[in-house]
Each structure stands twice: as structure tokens, then as C-alpha cells.
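Below is one structure; the comments refer to it alone.
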Amino acid sequence: MKMINLLPPIEKEELMIEQRKRLTIILGSFFLIVLVCFFLVLLSVDFYILGEAASQKIILEDAQKRYKTPDFINAEDIVKKYNKDLSLLKSFYEQDLGISQTLKNIADIERPEGLYFTNLFLNRDAAGGLIKVNISGFSKNRELLLAFRKNLENAPAMIKNPYFSPESWIKAENINFSLSLEIVKNEK
């Protein structure tokens with residue numbers, strides 16, 4: 001059975017407006033209640049976090065008091081010293097001068113008996129591909145020095161630009177010589 005609405009159109013419209021108002025009030029109230037509940041949940045979480053932070057702060061202060069004893073401070077200083085030493089060692093190994101390989105290359109050059117090295121200075125260039133070597137030494141005579149120079153010229157390809165100072169050739173015997181050369185660093 002169908003009901004017939006005999007109300008005039010104006011009253012029908014007023015009833016629809018009234019119905020929409022009630023629906024708007026109900027939905028608005030529902031959303032307002034949801035927002036209030038959400039706010040209350042966030043407020044309770046905030047209070048919980050503040051309480052936990054305060055308790056953790058108390059625990060931290062207690063630990064700091066307990067570990068600020070002279071023994072702990074002494075141990076901390078020792079650890080800092082070792083960390084500093086280890087960082088220096090790390091930077092030394094990162095530079096990788098190739099000292100052992102360079103010394104091996106120099107030692108492999110045949111030296112005549114009566115020719116000795118007195119000083120050896122190694123320096124890596126900025127790019128890191130070459131190691132500059134300055135050697136000073138003693139030779140009993142010029143022939144030994146000439147033989148050593150010939151051995152340098154026949155040395156492996158990694159030894160470059162051998163140069164004897166002009167003063168090395170002045171005396172015929174008991175020569176204090178100075179030599180500079182470059183060694184190409186082996187890439188790993």
C-alpha cells in the first residue's frame with residue numbers, strides 16, 4: 001500500500017529541509033564525538049610518552065653518576081688514546097707508500113762491491129703513482145759508480161729518471177755521491 005502525501009508543496013519542502021537539518025546535526029555530532037575521542041587518545045599517548053621520558057631521564061642521570069668514577073674516567077681516557085693511535089695507523093696504511101716494495105726494487109739493483117748507500121729518502125708525489133727516491137752513498141772509485149749507473153739503466157722498467165748530481169763525478173776516488181730516481185708504484 002502506498003501512501004499519498006497530500007501536503008502542499010511548500011510544507012513538503014519544509015519537511016525535507018527539517019529532515020536535512022536533523023541529518024546534518026546527527027552527522028556533525030557524530031564527527032565531533034569522533035574528533036573528541038581521537039583527541040583524548042592522543043592526549044593519553046602524550047601523557048604516556050612524557051612519563052616514559054621522565055623515567056628514562058632519571059635512569060640516564062643515575063647511569064651517568066655511576067660511571068663518572070675516577071676509574072671509569074681513566075679507562076675512557078685510555079680508550080680515547082688508543083682510538084687516536086688507531087686512527088693515525090689507519091691514515092698511515094691508507095697512504096700506502098709502498099715502502100717495502102720500493103726498498104725491494106732498490107735492493108734488487110746490483111751494486112758493485114765497494115759502493116754503499118748511506119742515506120735513503122722516500123717521498124710519494126701528490127698523485128700517488130710515483131715514489132721519488134733520493135739516495136746518498138759512498139763509492140771507492142769512479143769505475144764502481146759508472147758500473148752502478150749502468151746497472152740502474154738496465155734496471156726494471158719501474159725505475160725511472162735516475163740522476164746523479166754533478167758533484168758525484170768530480171773526484172776519482174772516495175766519492176760521496178747523490179742519486180735521485182723515481183719508482184712507478186705497482187697498482188694492485
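Simple scheme: letters A, B, ... for chains in C-alpha cells order, numbers from 1 for residues in each chain, numbers from 1 for ligands in the order shown.
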
Exercise for the section: Give me the residues within 7 Å of segment 124-139 of chain A as a VMD selection string, counting only C-alpha atoms and dropping any in the same chain fewer than 6 places off. Expected result: chain A and resid 97 114 to 118 145 174 to 185

Exercise for the section: Could you find all residues in chain A that DSSP calls helix (DSSP H, G or I) from the backbone, and write them as an NGL selection string? Expected result: :A and (9-67 or 70-95 or 99-107 or 142-153 or 166-169)

Written selection (C-alpha atoms) as a CSV table (one decimal), in the first residue's frame:
chain,number,residue,atom,x,y,z
A,9,PRO,CA,4.4,21.5,-1.9
A,10,ILE,CA,5.6,24.3,0.4
A,11,GLU,CA,5.1,22.1,3.5
A,12,LYS,CA,6.7,19.2,1.8
A,13,GLU,CA,9.8,21.3,1.1
A,14,GLU,CA,9.8,22.5,4.8
A,15,LEU,CA,9.6,18.9,5.9
A,16,MET,CA,12.6,18.0,3.7
A,17,ILE,CA,14.6,20.9,5.0
A,18,GLU,CA,13.8,19.9,8.6
A,19,GLN,CA,14.8,16.3,7.8
A,20,ARG,CA,18.1,17.5,6.3
A,21,LYS,CA,18.8,19.7,9.3
A,22,ARG,CA,18.3,16.7,11.6
A,23,LEU,CA,20.6,14.6,9.5
A,24,THR,CA,23.2,17.3,9.4
A,25,ILE,CA,23.0,17.7,13.2
A,26,ILE,CA,23.3,13.9,13.7
A,27,LEU,CA,26.3,13.6,11.3
A,28,GLY,CA,28.0,16.7,12.8
A,29,SER,CA,27.6,15.4,16.3
A,30,PHE,CA,29.0,12.0,15.2
A,31,PHE,CA,32.1,13.6,13.7
A,32,LEU,CA,32.5,15.9,16.7
A,33,ILE,CA,32.4,12.9,19.0
A,34,VAL,CA,34.9,11.0,16.9
A,35,LEU,CA,37.3,14.1,16.9
A,36,VAL,CA,36.9,14.4,20.7
A,37,CYS,CA,37.7,10.7,21.2
A,38,PHE,CA,40.7,11.0,18.8
A,39,PHE,CA,42.0,14.0,20.8
A,40,LEU,CA,41.6,12.1,24.1
A,41,VAL,CA,43.5,9.1,22.7
A,42,LEU,CA,46.3,11.4,21.5
A,43,LEU,CA,46.3,13.2,24.9
A,44,SER,CA,46.7,9.8,26.7
A,45,VAL,CA,49.6,8.8,24.4
A,46,ASP,CA,51.2,12.2,25.1
A,47,PHE,CA,51.0,11.7,28.8
A,48,TYR,CA,52.4,8.1,28.5
A,49,ILE,CA,55.4,9.3,26.4
A,50,LEU,CA,56.1,12.2,28.9
A,51,GLY,CA,56.0,9.7,31.8
A,52,GLU,CA,58.4,7.3,30.0
A,53,ALA,CA,60.7,10.1,29.0
A,54,ALA,CA,60.9,11.3,32.6
A,55,SER,CA,61.7,7.8,33.9
A,56,GLN,CA,64.4,7.3,31.2
A,57,LYS,CA,65.9,10.6,32.1
A,58,ILE,CA,66.2,9.5,35.7
A,59,ILE,CA,67.8,6.2,34.6
A,60,LEU,CA,70.3,8.1,32.4
A,61,GLU,CA,71.2,10.5,35.3
A,62,ASP,CA,71.7,7.5,37.6
A,63,ALA,CA,74.0,5.8,35.0
A,64,GLN,CA,76.0,9.0,34.5
A,65,LYS,CA,76.5,9.3,38.2
A,66,ARG,CA,77.6,5.7,38.5
A,67,TYR,CA,80.0,5.8,35.5
A,70,PRO,CA,87.8,8.1,38.6
A,71,ASP,CA,88.4,4.5,37.3
A,72,PHE,CA,85.8,4.9,34.5
A,73,ILE,CA,87.2,8.3,33.5
A,74,ASN,CA,90.7,6.8,33.4
A,75,ALA,CA,89.5,3.9,31.3
A,76,GLU,CA,87.7,6.3,29.0
A,77,ASP,CA,90.9,8.4,28.5
A,78,ILE,CA,92.9,5.2,27.7
A,79,VAL,CA,90.3,4.2,25.1
A,80,LYS,CA,90.4,7.7,23.6
A,81,LYS,CA,94.2,7.5,23.4
A,82,TYR,CA,94.1,4.1,21.7
A,83,ASN,CA,91.4,5.3,19.3
A,84,LYS,CA,93.6,8.3,18.3
A,85,ASP,CA,96.6,5.9,17.8
A,86,LEU,CA,94.5,3.6,15.7
A,87,SER,CA,93.3,6.5,13.5
A,88,LEU,CA,96.9,7.5,13.0
A,89,LEU,CA,97.8,4.0,12.0
A,90,LYS,CA,94.8,3.8,9.7
A,91,SER,CA,95.8,7.0,7.9
A,92,PHE,CA,99.4,5.7,7.6
A,93,TYR,CA,98.2,2.5,6.0
A,94,GLU,CA,95.8,4.4,3.7
A,95,GLN,CA,98.6,6.4,2.3
A,99,ILE,CA,107.8,1.2,1.3
A,100,SER,CA,108.6,-2.5,1.3
A,101,GLN,CA,108.2,-2.8,-2.5
A,102,THR,CA,110.2,0.3,-3.1
A,103,LEU,CA,113.0,-0.9,-0.9
A,104,LYS,CA,112.9,-4.3,-2.6
A,105,ASN,CA,113.2,-2.6,-6.0
A,106,ILE,CA,116.2,-0.6,-4.8
A,107,ALA,CA,117.8,-3.6,-3.2
A,142,ARG,CA,134.5,6.3,-10.3
A,143,GLU,CA,134.5,3.0,-12.1
A,144,LEU,CA,132.3,1.4,-9.5
A,145,LEU,CA,129.9,4.4,-9.7
A,146,LEU,CA,129.9,4.0,-13.5
A,147,ALA,CA,129.1,0.3,-13.2
A,148,PHE,CA,126.3,1.2,-10.8
A,149,ARG,CA,124.9,3.7,-13.2
A,150,LYS,CA,124.9,1.1,-16.0
A,151,ASN,CA,123.1,-1.3,-13.7
A,152,LEU,CA,120.5,1.4,-13.0
A,153,GLU,CA,119.9,1.9,-16.7
A,166,PRO,CA,127.3,16.6,-11.0
A,167,GLU,CA,129.4,16.6,-7.8
A,168,SER,CA,129.3,12.8,-7.8
A,169,TRP,CA,131.6,12.7,-10.8

Please give the complete set of residues from segment 25-141 of chain A that DSSP, run on the backbone, assigns to strand (DSSP E or B), formatted as a JSON list (two decimals) with N, CA and C atoms, in the first residue's frame.
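Generated output (states.json):
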[["chain", "number", "residue", "atom", "x", "y", "z"],
["A", 115, "LEU", "N", 130.65, -0.02, -3.14],
["A", 115, "LEU", "CA", 129.67, 1.07, -3.28],
["A", 115, "LEU", "C", 128.59, 0.84, -2.22],
["A", 116, "TYR", "N", 128.35, 1.85, -1.39],
["A", 116, "TYR", "CA", 127.42, 1.71, -0.26],
["A", 116, "TYR", "C", 126.45, 2.88, -0.24],
["A", 117, "PHE", "N", 125.24, 2.61, 0.23],
["A", 117, "PHE", "CA", 124.26, 3.67, 0.46],
["A", 117, "PHE", "C", 124.41, 4.14, 1.90],
["A", 118, "THR", "N", 124.38, 5.46, 2.09],
["A", 118, "THR", "CA", 124.45, 5.99, 3.45],
["A", 118, "THR", "C", 123.11, 6.57, 3.89],
["A", 119, "ASN", "N", 122.36, 7.15, 2.97],
["A", 119, "ASN", "CA", 121.05, 7.73, 3.29],
["A", 119, "ASN", "C", 120.07, 7.38, 2.19],
["A", 120, "LEU", "N", 118.82, 7.22, 2.61],
["A", 120, "LEU", "CA", 117.75, 6.91, 1.67],
["A", 120, "LEU", "C", 116.53, 7.71, 2.09],
["A", 121, "PHE", "N", 115.94, 8.46, 1.15],
["A", 121, "PHE", "CA", 114.77, 9.27, 1.46],
["A", 121, "PHE", "C", 113.69, 8.95, 0.44],
["A", 122, "LEU", "N", 112.48, 8.59, 0.90],
["A", 122, "LEU", "CA", 111.36, 8.27, 0.02],
["A", 122, "LEU", "C", 110.30, 9.34, 0.16],
["A", 123, "ASN", "N", 109.70, 9.72, -0.97],
["A", 123, "ASN", "CA", 108.62, 10.71, -0.95],
["A", 123, "ASN", "C", 107.65, 10.37, -2.06],
["A", 124, "ARG", "N", 106.37, 10.27, -1.72],
["A", 124, "ARG", "CA", 105.34, 9.98, -2.71],
["A", 124, "ARG", "C", 104.84, 11.28, -3.29],
["A", 130, "LEU", "N", 103.91, 7.79, -8.34],
["A", 130, "LEU", "CA", 105.37, 7.73, -8.33],
["A", 130, "LEU", "C", 105.89, 7.88, -6.91],
["A", 131, "ILE", "N", 106.98, 7.21, -6.67],
["A", 131, "ILE", "CA", 107.69, 7.40, -5.40],
["A", 131, "ILE", "C", 109.05, 7.96, -5.75],
["A", 132, "LYS", "N", 109.34, 9.14, -5.24],
["A", 132, "LYS", "CA", 110.61, 9.79, -5.51],
["A", 132, "LYS", "C", 111.61, 9.34, -4.45],
["A", 133, "VAL", "N", 112.78, 8.90, -4.92],
["A", 133, "VAL", "CA", 113.80, 8.36, -4.03],
["A", 133, "VAL", "C", 115.06, 9.20, -4.17],
["A", 134, "ASN", "N", 115.61, 9.63, -3.05],
["A", 134, "ASN", "CA", 116.90, 10.31, -3.02],
["A", 134, "ASN", "C", 117.84, 9.43, -2.22],
["A", 135, "ILE", "N", 118.97, 9.10, -2.85],
["A", 135, "ILE", "CA", 119.95, 8.22, -2.23],
["A", 135, "ILE", "C", 121.28, 8.95, -2.19],
["A", 136, "SER", "N", 121.93, 8.88, -1.06],
["A", 136, "SER", "CA", 123.32, 9.34, -0.99],
["A", 136, "SER", "C", 124.16, 8.16, -0.54],
["A", 137, "GLY", "N", 125.39, 8.14, -1.00],
["A", 137, "GLY", "CA", 126.21, 6.99, -0.67],
["A", 137, "GLY", "C", 127.69, 7.25, -0.88],
["A", 138, "PHE", "N", 128.44, 6.18, -0.81],
["A", 138, "PHE", "CA", 129.89, 6.25, -0.93],
["A", 138, "PHE", "C", 130.36, 5.21, -1.94],
["A", 139, "SER", "N", 131.29, 5.62, -2.79],
["A", 139, "SER", "CA", 131.89, 4.71, -3.75],
["A", 139, "SER", "C", 133.41, 4.85, -3.64],
["A", 140, "LYS", "N", 134.11, 3.70, -3.71],
["A", 140, "LYS", "CA", 135.57, 3.74, -3.60],
["A", 140, "LYS", "C", 136.21, 4.44, -4.80],
["A", 141, "ASN", "N", 135.60, 4.26, -5.99],
["A", 141, "ASN", "CA", 136.17, 4.93, -7.16],
["A", 141, "ASN", "C", 135.08, 5.19, -8.21]]

Exercise for the section: Enter the distance from atom CA of Ile109 of chain A to atom CA of Ala155 of chain A, in Å, rounded to one decimal. Expected result: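 We find that atom CA of Ile109 of chain A and atom CA of Ala155 of chain A lie 6.4 Å from each other.
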
Practice task
To one decimal in Å, tell me the separation between atom CA of Ile170 of chain A and atom CA of Met158 of chain A.
Solution key: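 So the two atoms, atom CA of Ile170 of chain A and atom CA of Met158 of chain A, lie 28.9 Å apart.
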
Exercise for the section: Could you jot down the atom CA of Glu110 of chain A to atom CA of Pro156 of chain A separation for me, Å, one decimal place? Expected result: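 If I compute the distance from atom CA of Glu110 of chain A to atom CA of Pro156 of chain A, I get 11.4 Å.
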